[in-house]
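Shown next: upload_20.csv, containing CSV, C-alpha atoms and all ligand atoms.
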```csv
chain,number,residue,atom,x,y,z
G,222,MET,CA,112.7,112.6,100.0
G,223,ASN,CA,115.3,111.8,102.6
G,224,LEU,CA,117.4,109.1,101.1
G,225,ASN,CA,118.6,107.9,104.5
G,226,LYS,CA,115.1,107.0,105.5
G,227,ILE,CA,114.1,103.3,105.4
G,228,PRO,CA,111.0,102.9,103.2
G,229,ALA,CA,108.2,100.9,104.8
G,230,THR,CA,105.4,99.4,102.8
G,231,ILE,CA,102.1,98.7,104.7
G,232,VAL,CA,100.0,96.0,103.2
G,233,THR,CA,96.4,96.0,104.4
G,234,GLY,CA,93.2,94.3,103.3
G,235,PHE,CA,90.4,92.1,104.7
G,236,LEU,CA,90.8,88.6,106.1
G,237,GLY,CA,92.0,86.2,103.4
G,238,SER,CA,92.3,88.9,100.7
G,239,GLY,CA,95.8,87.7,99.7
G,240,LYS,CA,98.2,89.8,101.8
G,241,THR,CA,100.5,86.9,102.9
G,242,THR,CA,100.5,85.6,99.3
G,243,LEU,CA,101.7,89.0,98.1
G,244,LEU,CA,104.3,89.3,100.8
G,245,SER,CA,105.8,85.9,100.0
G,246,ASN,CA,106.1,86.9,96.4
G,247,ILE,CA,107.8,90.1,97.3
G,248,LEU,CA,110.2,88.2,99.5
G,249,ARG,CA,110.9,85.6,96.8
G,250,GLN,CA,111.9,88.4,94.3
G,251,ALA,CA,113.9,90.3,97.0
G,252,ASN,CA,117.1,89.8,94.9
G,253,GLY,CA,119.4,90.7,97.7
G,254,LYS,CA,117.3,93.5,99.1
G,255,ARG,CA,117.3,93.1,102.8
G,256,ILE,CA,113.7,93.2,103.9
G,257,ALA,CA,112.5,93.2,107.5
G,258,VAL,CA,108.9,91.9,107.9
G,259,ILE,CA,106.4,92.8,110.5
G,260,VAL,CA,103.3,90.5,110.6
G,261,ASN,CA,100.3,91.1,112.7
G,262,GLU,CA,97.5,88.6,113.0
G,263,PHE,CA,94.1,88.6,114.5
G,264,GLY,CA,94.1,85.0,115.6
G,265,ALA,CA,96.1,83.7,118.5
G,266,LEU,CA,98.4,81.5,116.3
G,267,ASP,CA,101.1,83.2,114.2
G,268,ILE,CA,100.3,81.2,111.1
G,269,ASP,CA,101.2,84.0,108.6
G,270,ALA,CA,104.7,84.4,110.0
G,271,GLU,CA,105.3,80.7,109.8
G,272,LEU,CA,104.0,80.5,106.2
G,273,LEU,CA,106.3,83.3,105.2
G,274,ARG,CA,109.2,81.5,106.8
G,275,SER,CA,108.4,78.1,105.5
G,276,CYS,CA,109.9,76.8,102.3
G,277,PRO,CA,107.8,76.3,99.1
G,278,LEU,CA,107.5,72.7,97.9
G,279,GLU,CA,110.3,73.1,95.4
G,280,CYS,CA,112.9,72.9,98.2
G,281,ASP,CA,111.3,70.1,100.2
G,282,GLU,CA,114.7,68.5,100.5
G,283,GLN,CA,115.6,71.0,103.1
G,284,THR,CA,114.8,70.8,106.8
G,285,PRO,CA,112.9,73.8,108.2
G,286,ASP,CA,116.1,75.1,109.7
G,287,SER,CA,118.2,75.0,106.6
G,288,ALA,CA,115.2,76.3,104.7
G,289,ALA,CA,115.1,79.4,106.9
G,290,GLN,CA,118.9,79.9,106.5
G,291,GLY,CA,118.7,79.5,102.8
G,292,SER,CA,115.8,81.8,102.2
G,293,PRO,CA,116.1,85.5,101.7
G,294,ILE,CA,114.6,86.0,105.1
G,295,ALA,CA,116.0,84.3,108.2
G,296,ASP,CA,113.8,83.8,111.2
G,297,ASN,CA,115.1,87.0,112.8
G,298,GLY,CA,113.9,89.0,109.8
G,299,ILE,CA,110.3,88.4,110.7
G,300,TYR,CA,108.7,90.1,113.6
G,301,GLU,CA,105.4,88.9,114.8
G,302,LEU,CA,102.8,91.0,116.5
G,303,ALA,CA,100.4,88.2,117.0
G,304,ASN,CA,97.1,88.0,118.8
G,305,GLY,CA,95.8,91.5,118.6
G,306,CYS,CA,95.1,94.2,116.2
G,307,ILE,CA,98.1,96.3,115.2
G,308,CYS,CA,96.0,99.5,115.0
G,309,CYS,CA,94.9,99.2,118.7
G,310,THR,CA,98.4,98.4,120.0
G,311,VAL,CA,100.5,100.9,118.0
G,312,GLU,CA,102.2,102.3,121.0
G,313,GLU,CA,102.8,99.1,123.0
G,314,GLU,CA,103.6,96.7,120.2
G,315,PHE,CA,104.5,98.4,117.0
G,316,LEU,CA,106.6,101.3,118.3
G,317,PRO,CA,109.1,99.0,120.1
G,318,VAL,CA,109.6,96.8,117.0
G,319,MET,CA,110.1,99.8,114.8
G,320,GLU,CA,112.6,101.2,117.3
G,321,ALA,CA,114.5,97.9,117.2
G,322,LEU,CA,114.5,98.0,113.4
G,323,VAL,CA,115.8,101.6,113.5
G,324,GLU,CA,118.7,100.5,115.6
G,325,ARG,CA,119.6,98.0,112.9
G,326,ARG,CA,119.0,100.4,110.1
G,327,ASP,CA,122.3,99.8,108.4
G,328,GLN,CA,121.2,96.2,107.8
G,329,ILE,CA,117.8,96.9,106.4
G,330,ASP,CA,116.8,98.2,103.0
G,331,HIS,CA,113.0,97.9,103.3
G,332,ILE,CA,110.4,97.2,105.9
G,333,LEU,CA,107.2,95.3,104.9
G,334,ILE,CA,104.3,95.4,107.3
G,335,GLU,CA,101.3,93.1,107.0
G,336,THR,CA,98.4,94.3,109.1
G,337,SER,CA,95.7,92.0,110.4
G,338,GLY,CA,92.7,91.7,108.1
G,339,LEU,CA,90.6,93.7,110.6
G,340,ALA,CA,93.1,96.5,111.2
G,341,LEU,CA,92.6,100.2,110.3
G,342,PRO,CA,95.8,101.4,108.5
G,343,LYS,CA,95.5,105.1,109.4
G,344,PRO,CA,96.7,104.9,113.0
G,345,LEU,CA,99.7,102.9,111.8
G,346,VAL,CA,100.6,105.4,109.1
G,347,GLN,CA,100.2,108.2,111.7
G,348,ALA,CA,102.7,106.5,113.9
G,349,PHE,CA,105.4,107.3,111.3
G,350,ASN,CA,105.0,110.9,112.3
G,351,TRP,CA,106.3,110.1,115.8
G,352,PRO,CA,109.7,111.8,116.1
G,353,GLN,CA,111.6,108.6,116.9
G,354,ILE,CA,110.3,106.9,113.8
G,355,LYS,CA,110.0,109.9,111.4
G,356,LEU,CA,113.7,110.6,111.6
G,357,HIS,CA,114.7,107.3,110.1
G,358,CYS,CA,111.6,105.8,108.3
G,359,THR,CA,109.0,106.9,105.8
G,360,VAL,CA,105.9,105.1,104.5
G,361,ASP,CA,106.8,104.1,100.9
G,362,ALA,CA,103.1,103.2,100.2
G,363,VAL,CA,100.0,101.8,101.8
G,364,ILE,CA,98.9,98.9,99.6
G,365,THR,CA,95.3,97.8,100.0
G,366,VAL,CA,94.6,94.3,98.8
G,367,VAL,CA,90.9,93.7,98.0
G,368,ASP,CA,89.6,90.2,97.4
G,369,GLY,CA,88.2,90.5,93.9
G,370,PRO,CA,85.8,87.6,93.8
G,371,ALA,CA,84.6,88.2,97.4
G,372,LEU,CA,83.6,91.8,96.3
G,373,VAL,CA,82.1,90.6,93.0
G,374,ASP,CA,79.9,88.0,94.5
G,375,GLY,CA,78.9,90.2,97.5
G,376,ARG,CA,80.5,88.2,100.2
G,377,ILE,CA,82.0,91.5,101.4
G,378,ALA,CA,79.5,94.2,100.6
G,379,HIS,CA,81.2,97.2,99.0
G,380,ASP,CA,78.5,98.9,97.1
G,381,PRO,CA,75.6,100.5,99.2
G,382,GLU,CA,73.0,99.6,96.5
G,383,GLN,CA,74.3,96.0,96.5
G,384,VAL,CA,74.0,95.8,100.3
G,385,GLN,CA,70.5,97.1,100.2
G,386,ALA,CA,69.5,94.6,97.4
G,387,GLN,CA,71.0,91.7,99.2
G,388,ARG,CA,69.4,92.6,102.5
G,389,GLN,CA,66.0,92.5,100.8
G,390,ALA,CA,66.8,89.4,98.9
G,391,ASP,CA,68.2,87.3,101.7
G,392,THR,CA,67.8,88.4,105.3
G,393,SER,CA,70.1,85.7,106.5
G,394,LEU,CA,73.1,87.4,104.9
G,395,ASP,CA,74.7,89.5,107.6
G,396,HIS,CA,76.1,92.5,105.8
G,397,ASP,CA,77.5,94.3,108.8
G,398,PRO,CA,78.0,98.0,108.1
G,399,SER,CA,81.2,97.7,110.2
G,400,LEU,CA,82.7,95.5,107.4
G,401,GLN,CA,81.8,98.1,104.8
G,402,GLU,CA,83.4,100.8,107.0
G,403,LEU,CA,86.5,98.7,107.3
G,404,LEU,CA,86.8,98.4,103.6
G,405,ASP,CA,86.2,102.1,103.2
G,406,ASP,CA,88.9,102.9,105.7
G,407,GLN,CA,91.4,100.5,104.1
G,408,LEU,CA,90.7,102.1,100.7
G,409,SER,CA,90.8,105.6,101.9
G,410,SER,CA,94.3,105.2,103.3
G,411,ALA,CA,95.6,103.4,100.1
G,412,ASP,CA,98.3,104.7,97.8
G,413,LEU,CA,97.8,101.6,95.6
G,414,VAL,CA,94.9,99.1,95.4
G,415,LEU,CA,95.6,95.6,94.3
G,416,ILE,CA,92.6,93.4,93.3
G,417,SER,CA,93.6,89.9,94.1
G,418,LYS,CA,92.5,86.6,92.7
G,419,GLN,CA,92.1,87.8,89.1
G,420,ASP,CA,91.9,84.1,88.1
G,421,LEU,CA,88.6,83.8,89.8
G,422,MET,CA,86.9,86.6,87.9
G,423,ASP,CA,85.9,87.1,84.3
G,424,GLU,CA,86.9,90.2,82.4
G,425,ALA,CA,83.6,91.9,82.7
G,426,GLN,CA,83.5,91.4,86.4
G,427,LEU,CA,87.0,92.8,86.8
G,428,ILE,CA,86.2,95.9,84.7
G,429,ARG,CA,83.1,96.6,86.7
G,430,LEU,CA,84.9,96.2,90.0
G,431,GLN,CA,87.7,98.4,88.9
G,432,GLU,CA,85.2,101.1,88.0
G,433,GLN,CA,83.4,100.8,91.3
G,434,LEU,CA,86.6,101.0,93.2
G,435,ALA,CA,87.9,103.9,91.2
G,436,GLY,CA,84.9,105.9,92.3
G,437,ARG,CA,85.9,105.4,95.9
G,438,ILE,CA,89.6,106.3,95.9
G,439,GLY,CA,91.6,109.4,95.0
G,440,ASP,CA,92.5,110.1,91.4
G,441,ALA,CA,96.2,109.5,92.0
G,442,VAL,CA,95.6,106.0,93.4
G,443,ARG,CA,96.2,103.3,90.9
G,444,ILE,CA,94.5,99.9,90.8
G,445,HIS,CA,96.1,96.7,89.6
G,446,PRO,CA,94.6,93.2,89.3
G,447,ILE,CA,96.9,90.5,90.5
G,448,ARG,CA,96.9,86.7,90.5
G,449,ASN,CA,98.6,84.6,93.2
G,450,GLY,CA,100.3,87.6,94.6
G,451,GLU,CA,102.4,88.1,91.4
G,452,VAL,CA,103.3,91.6,90.7
G,453,GLU,CA,106.4,93.3,89.4
G,454,GLN,CA,108.5,94.7,92.3
G,455,ALA,CA,108.9,98.1,90.6
G,456,LEU,CA,105.1,98.5,90.7
G,457,ILE,CA,104.8,98.1,94.4
G,458,LEU,CA,108.1,99.0,96.1
G,459,GLY,CA,109.9,102.3,95.8
G,460,LEU,CA,106.7,104.3,95.2
G,461,GLU,CA,108.0,107.1,97.5
G,462,SER,CA,104.5,108.1,98.6
G,463,ALA,CA,105.6,109.5,102.0
G,464,SER,CA,102.1,108.6,103.1
G,465,GLU,CA,102.6,109.9,106.6
G,466,GLU,CA,102.8,113.4,105.2
G,467,HIS,CA,99.2,113.3,103.9
G,468,ILE,CA,97.5,110.7,106.0
G,469,ASP,CA,95.8,113.3,108.3
G,470,HIS,CA,93.8,114.5,105.2
G,471,ARG,CA,92.5,111.1,104.4
G,472,HIS,CA,89.0,110.8,105.8
G,473,THR,CA,88.0,107.6,107.6
G,474,HIS,CA,84.9,106.5,109.5
G,475,HIS,CA,86.9,106.2,112.7
G,476,ASP,CA,88.5,109.7,112.8
G,477,HIS,CA,86.2,111.1,115.4
G,478,HIS,CA,87.0,108.4,117.9
G,479,HIS,CA,90.7,109.3,117.7
G,480,ALA,CA,90.0,113.0,117.8
G,481,GLU,CA,88.1,112.5,121.0
G,482,GLY,CA,90.8,110.3,122.4
G,483,ALA,CA,88.1,107.7,123.1
G,484,GLU,CA,88.7,104.0,122.7
G,485,HIS,CA,87.8,103.2,119.1
G,486,HIS,CA,85.6,100.4,118.1
G,487,HIS,CA,85.8,98.8,114.8
G,488,ALA,CA,85.2,95.6,113.0
G,489,HIS,CA,87.3,93.3,115.1
G,490,ASP,CA,85.1,94.1,118.2
G,491,HIS,CA,82.5,92.0,116.6
G,492,PHE,CA,84.7,89.1,115.5
G,493,ASP,CA,85.7,85.9,117.3
G,494,SER,CA,88.8,84.0,116.8
G,495,ILE,CA,89.0,80.4,117.9
G,496,SER,CA,92.4,78.6,118.0
G,497,LEU,CA,92.4,74.8,118.3
G,498,ASP,CA,95.2,72.5,119.0
G,499,LEU,CA,94.3,69.0,117.8
G,500,GLY,CA,96.1,65.8,117.2
G,501,GLU,CA,96.5,64.0,113.9
G,502,LEU,CA,93.5,64.4,111.6
G,503,ASP,CA,92.0,62.9,108.5
G,504,SER,CA,92.3,65.5,105.7
G,505,ASP,CA,89.2,64.8,103.8
G,506,ALA,CA,87.0,64.4,106.9
G,507,LEU,CA,88.5,67.8,108.1
G,508,LEU,CA,87.6,69.5,104.9
G,509,ALA,CA,84.1,68.1,104.9
G,510,ALA,CA,83.6,69.2,108.5
G,511,LEU,CA,84.9,72.7,107.8
G,512,LYS,CA,82.6,73.0,104.8
G,513,VAL,CA,79.6,72.1,106.9
G,514,LEU,CA,80.7,74.6,109.6
G,515,VAL,CA,81.1,77.4,107.1
G,516,ALA,CA,77.6,76.7,105.8
G,517,GLU,CA,76.2,76.7,109.4
G,518,GLN,CA,78.1,79.5,111.1
G,519,ALA,CA,79.4,83.0,110.0
G,520,ILE,CA,82.9,81.9,109.4
G,521,TYR,CA,85.0,84.2,107.3
G,522,ARG,CA,88.4,82.6,107.6
G,523,VAL,CA,90.0,79.3,108.4
G,524,LYS,CA,93.7,78.6,108.4
G,525,GLY,CA,96.1,76.1,110.0
G,526,PHE,CA,98.6,73.4,109.8
G,527,VAL,CA,97.4,69.8,109.9
G,528,ALA,CA,99.2,66.6,110.9
G,529,LEU,CA,98.0,63.6,108.9
G,530,ALA,CA,98.5,60.1,110.1
G,531,GLY,CA,101.4,58.4,108.3
G,532,LYS,CA,102.4,61.5,106.3
G,533,PRO,CA,105.8,63.0,106.6
G,534,MET,CA,104.7,66.4,105.3
G,535,ARG,CA,102.8,69.1,107.1
G,536,GLN,CA,99.6,70.1,105.4
G,537,VAL,CA,98.4,73.7,105.2
G,538,VAL,CA,94.7,74.3,105.1
G,539,GLN,CA,93.3,77.7,104.0
G,540,GLY,CA,89.7,78.7,103.8
G,541,VAL,CA,88.2,82.0,102.7
G,542,GLY,CA,84.4,81.9,102.8
G,543,GLU,CA,83.4,78.6,101.1
G,544,ARG,CA,86.7,78.3,99.1
G,545,PHE,CA,89.2,75.9,100.6
G,546,GLU,CA,92.8,75.1,99.6
G,547,ARG,CA,95.1,72.4,100.9
G,548,TYR,CA,98.8,71.8,100.2
G,549,PHE,CA,101.8,70.3,101.8
G,550,ASP,CA,104.4,72.9,102.8
G,551,ARG,CA,107.3,71.1,104.5
G,552,PRO,CA,108.2,67.9,106.3
G,553,TRP,CA,107.7,67.6,110.0
G,554,ALA,CA,111.0,68.2,111.7
G,555,PRO,CA,112.5,65.4,113.7
G,556,GLY,CA,111.0,65.6,117.2
G,557,GLU,CA,108.5,68.3,116.3
G,558,PRO,CA,105.1,67.5,117.9
G,559,ARG,CA,102.7,66.3,115.2
G,560,SER,CA,99.8,68.4,116.1
G,561,SER,CA,97.2,70.2,114.0
G,562,ARG,CA,96.7,73.9,114.8
G,563,ILE,CA,93.7,75.5,113.3
G,564,VAL,CA,92.3,79.1,113.6
G,565,VAL,CA,88.7,79.9,112.8
G,566,ILE,CA,87.6,83.5,112.5
G,567,GLY,CA,84.0,84.7,112.2
G,568,LYS,CA,81.1,86.2,114.0
G,569,GLY,CA,79.0,84.8,116.8
G,570,LEU,CA,80.8,81.5,116.6
G,571,ASP,CA,79.9,78.4,118.6
G,572,PRO,CA,83.3,77.2,119.9
G,573,GLN,CA,82.0,74.0,121.4
G,574,GLN,CA,80.4,72.9,118.1
G,575,ILE,CA,83.5,73.8,116.1
G,576,GLU,CA,85.8,72.0,118.4
G,577,ALA,CA,83.6,68.9,118.6
G,578,ARG,CA,83.2,68.7,114.8
G,579,LEU,CA,86.9,69.1,114.1
G,580,GLN,CA,87.9,66.8,116.9
G,581,ALA,CA,85.7,64.1,115.4
G,582,THR,CA,87.9,64.2,112.3
G,583,GLY,CA,90.8,62.7,114.3
G,584,ALA,CA,92.7,60.0,112.5
X,601,LIG,N1,92.7,81.4,93.3
X,601,LIG,C1,93.5,82.3,94.0
X,601,LIG,N2,93.7,82.2,95.3
X,601,LIG,C2,94.5,83.1,95.9
X,601,LIG,C3,95.1,84.2,95.2
X,601,LIG,N3,95.8,84.9,96.1
X,601,LIG,C4,95.6,84.3,97.4
X,601,LIG,N4,94.8,83.2,97.2
X,601,LIG,C5,94.4,82.3,98.3
X,601,LIG,O1,93.6,83.0,99.2
X,601,LIG,C6,93.8,82.4,100.5
X,601,LIG,C7,94.1,83.6,101.4
X,601,LIG,O2,95.4,84.1,101.0
X,601,LIG,P1,96.3,84.9,102.1
X,601,LIG,O3,97.5,85.4,101.3
X,601,LIG,O4,96.7,83.9,103.2
X,601,LIG,O5,95.4,86.0,102.6
X,601,LIG,P2,95.7,87.0,103.8
X,601,LIG,O6,95.1,88.3,103.4
X,601,LIG,O7,97.1,87.0,104.2
X,601,LIG,O8,94.8,86.4,105.0
X,601,LIG,P3,94.8,86.8,106.5
X,601,LIG,O9,96.2,87.1,107.0
X,601,LIG,O10,94.1,85.7,107.2
X,601,LIG,O11,93.9,88.1,106.5
X,601,LIG,C8,94.9,81.4,100.4
X,601,LIG,O12,94.3,80.1,100.2
X,601,LIG,C9,95.6,81.8,99.1
X,601,LIG,O13,96.2,80.7,98.4
X,601,LIG,C10,94.8,84.3,93.8
X,601,LIG,O14,95.3,85.2,93.1
X,601,LIG,N5,94.1,83.3,93.3
```

With the file now loaded, output its structure as structure tokens.
Ligand SMILES: Nc1nc2c(ncn2[C@@H]2O[C@H](COP(=O)(O)OP(=O)(O)OP(=O)(O)O)[C@@H](O)[C@H]2O)c(=O)[nH]1
Amino acid sequence: MNLNKIPATIVTGFLGSGKTTLLSNILRQANGKRIAVIVNEFGALDIDAELLRSCPLECDEQTPDSAAQGSPIADNGIYELANGCICCTVEEEFLPVMEALVERRDQIDHILIETSGLALPKPLVQAFNWPQIKLHCTVDAVITVVDGPALVDGRIAHDPEQVQAQRQADTSLDHDPSLQELLDDQLSSADLVLISKQDLMDEAQLIRLQEQLAGRIGDAVRIHPIRNGEVEQALILGLESASEEHIDHRHTHHDHHHAEGAEHHHAHDHFDSISLDLGELDSDALLAALKVLVAEQAIYRVKGFVALAGKPMRQVVQGVGERFERYFDRPWAPGEPRSSRIVVIGKGLDPQQIEARLQATGA
């Protein structure tokens, strides 16, 4: 290995699998390691970057500005490649950011890249073979985060037999083969697989899932279960995989598109992302409306910041499938507009209905 190369860890995984949670844990245990972060989102709002910057509740005494200065990552340590899919804009978006980081290489110990949940990691890893990047950077590892409970209960089909059985049992379940391909491609590029949300599975489910996944990845690829993104830094950083050296041999469903130079089509071509800017909302009414919408429409992911009437703190709302979570992350800054910004990602969505339902939860 060339010791002068900056190691870059690519974190990939489906929508809501737990990538941002993992990144914020890595940043929290940075211990002086200077980590530059590149975040890419499918939705038009850069919620992940803001979540990574924002302070956890323990330091709610701080204003957002002082929180950013006091945290291991200042604002300028996070680069957002929002509103698009990183694997489709490697040349236009990713390369310039990497070049900017290479310029500052004496100030950076590690680069962390979170891809959008719908991205294919392979084109990104291949970009590390471009001369201007290869000279100074290497891929330390591709870490694929899989949502344990979502795979176990079949929300994301991962086992061909399971897909078939579910199709027969319930024709309303839309197990799009493109989602299975996406999971396959994210797994085939992996140097390490993390099964997230261990707390939401029992031991038997976890063991079975580990066995199923092990059958689909190379022998050298390890699998670890994690909970709330907690994992020892030594297990995930400094793996020295040099993934760019062997990525061409990792087979994926989308290889032929690239080989032909044709525009490639993958999961996100079938996905819609709706971004709403609303005023102050009622938290319980919002949650109830979101749950109804998730039951009615093919919504995979909801996330946003919510302004609640009379509350000094901003609320974060997170939804993955039917599971929702709410917490207050930081006080609204003086003069900051108290608006609610919500992103809804799914398939064949009805934007008017979503907007009308959420608007009706106004305080
Ligand atoms: N119960 C439980 N929830 C978790 C765990 N890890 C993540 N979550 C929750 O799952 C939701 C999605 O987590 P994120 O880390 O935002 O997922 P992501 O992969 O970054 O999502 P996208 O960027 O939208 O693709 C959040 O509500 C998290 O709090 C876990 O180990 N256990």

Separation of atom CA of Val523 of chain G from atom CA of Ile259 of chain G, in Å and rounded to one decimal: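 Atom-to-atom, atom CA of Val523 of chain G and atom CA of Ile259 of chain G are spaced 21.3 Å apart.
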
Contacts of segment 517-519 of chain G within 9 Å, all atoms listed in the file, excl. fewer than 6 positions in-chain, as a ChimeraX atom specification: /G:395,542,566-571

Distance criterion (all atoms listed in the file): nearest to Gly234 of chain G out of G:Gly253, G:Glu262, G:Leu403, G:Glu461: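 Using all atoms listed in the file, the shortest distance to Gly234 of chain G belongs to G:Leu403.
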
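Of note, atom CA of Ala425 of chain G and atom C1 of ligand LIG 601 (chain X) are spaced 17.8 Å apart.
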
Which of G:Leu341, G:Ile332, G:Met534, G:Val564 sits closest to ligand LIG 601 (chain X) [using all atoms listed in the file]: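 Going through G:Leu341, G:Ile332, G:Met534, G:Val564 one by one, the smallest distance to ligand LIG 601 (chain X) is for G:Val564.
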
From G:Gln407, G:Thr242, G:Gln250, G:Gln353, residue lying nearest Arg437 of chain G [all atoms listed in the file]: G:Gln407

Residue among G:Val541, G:Leu434, G:Val318, G:Leu511 lying closest to ligand LIG 601 (chain X), counting all atoms listed in the file: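 Checking each of G:Val541, G:Leu434, G:Val318, G:Leu511 against ligand LIG 601 (chain X), counting all atoms listed in the file, the winner is G:Val541.
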
Proximity to Met319 of chain G - best of G:Ala229, G:Ala371, G:Leu458, G:Leu272, only C-alpha atoms: G:Ala229

Non-local contacts of Gln580 of chain G (10 Å; all atoms listed in the file; under 6 positions in same chain excluded) as a VMD selection string: chain G and resid 497 to 502 507 510 574

Using all atoms listed in the file, what does the table of chain G residues within 8 Å of ligand LIG 601 (chain X) look like, with each row giving the shortest atom pair and its distance in Å to one decimal, sorted by chain and ascending number, as a tab-separated table?
```
residue	atom	partner	partner_atom	distance
G:Thr233	CA	X:LIG601	O6	7.9
G:Gly234	CA	X:LIG601	O6	6.3
G:Phe235	CA	X:LIG601	O11	5.6
G:Leu236	CA	X:LIG601	O11	3.2
G:Gly237	CA	X:LIG601	O8	3.2
G:Ser238	CA	X:LIG601	O6	3.9
G:Gly239	CA	X:LIG601	O3	3.3
G:Lys240	CA	X:LIG601	O6	3.8
G:Thr241	CA	X:LIG601	O7	3.6
G:Thr242	CA	X:LIG601	O3	3.6
G:Leu243	CA	X:LIG601	O3	6.4
G:Leu244	CA	X:LIG601	O3	7.9
G:Glu262	CA	X:LIG601	O9	6.3
G:Phe263	CA	X:LIG601	O10	7.9
G:Asp269	CA	X:LIG601	O9	6.1
G:Glu335	CA	X:LIG601	O9	7.9
G:Thr336	CA	X:LIG601	O9	7.8
G:Ser337	CA	X:LIG601	O11	5.8
G:Gly338	CA	X:LIG601	O11	4.1
G:Leu339	CA	X:LIG601	O11	7.7
G:Val366	CA	X:LIG601	O6	7.6
G:Ser417	CA	X:LIG601	O14	5.1
G:Lys418	CA	X:LIG601	O14	3.2
G:Gln419	CA	X:LIG601	O14	5.7
G:Asp420	CA	X:LIG601	N5	5.7
G:Leu421	CA	X:LIG601	N1	5.9
G:Ile447	CA	X:LIG601	O14	6.1
G:Arg448	CA	X:LIG601	O14	3.4
G:Asn449	CA	X:LIG601	O14	3.4
G:Gly450	CA	X:LIG601	N3	5.5
G:Glu451	CA	X:LIG601	O14	7.9
G:Arg522	CA	X:LIG601	O10	6.5
G:Val523	CA	X:LIG601	O10	7.7
G:Lys524	CA	X:LIG601	O10	7.2
G:Val538	CA	X:LIG601	O12	7.6
G:Gln539	CA	X:LIG601	O12	4.6
G:Gly540	CA	X:LIG601	O12	6.0
G:Val541	CA	X:LIG601	C6	6.0
G:Arg544	CA	X:LIG601	O12	7.9
G:Phe545	CA	X:LIG601	O12	6.6
G:Glu546	CA	X:LIG601	O12	5.3
G:Arg547	CA	X:LIG601	O12	7.8
```

Residue contacts of Ile329 of chain G (9 Å, only C-alpha atoms) excluding same-chain residues fewer than 3 positions away, as a list in words: Ile227, Lys254, Arg255, Ile256, Ala257, Leu322, Val323, Arg325, Arg326 and Ile332 of chain G

Suppose we keep C-alpha atoms; can you now write the selection as a JSON list (two decimals), in the coordinates of the input?
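And here's result-v1.json as it stands now:
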```json
[["chain", "number", "residue", "atom", "x", "y", "z"],
["G", 227, "ILE", "CA", 114.10, 103.30, 105.40],
["G", 254, "LYS", "CA", 117.30, 93.50, 99.10],
["G", 255, "ARG", "CA", 117.30, 93.10, 102.80],
["G", 256, "ILE", "CA", 113.70, 93.20, 103.90],
["G", 257, "ALA", "CA", 112.50, 93.20, 107.50],
["G", 322, "LEU", "CA", 114.50, 98.00, 113.40],
["G", 323, "VAL", "CA", 115.80, 101.60, 113.50],
["G", 325, "ARG", "CA", 119.60, 98.00, 112.90],
["G", 326, "ARG", "CA", 119.00, 100.40, 110.10],
["G", 332, "ILE", "CA", 110.40, 97.20, 105.90]]
```
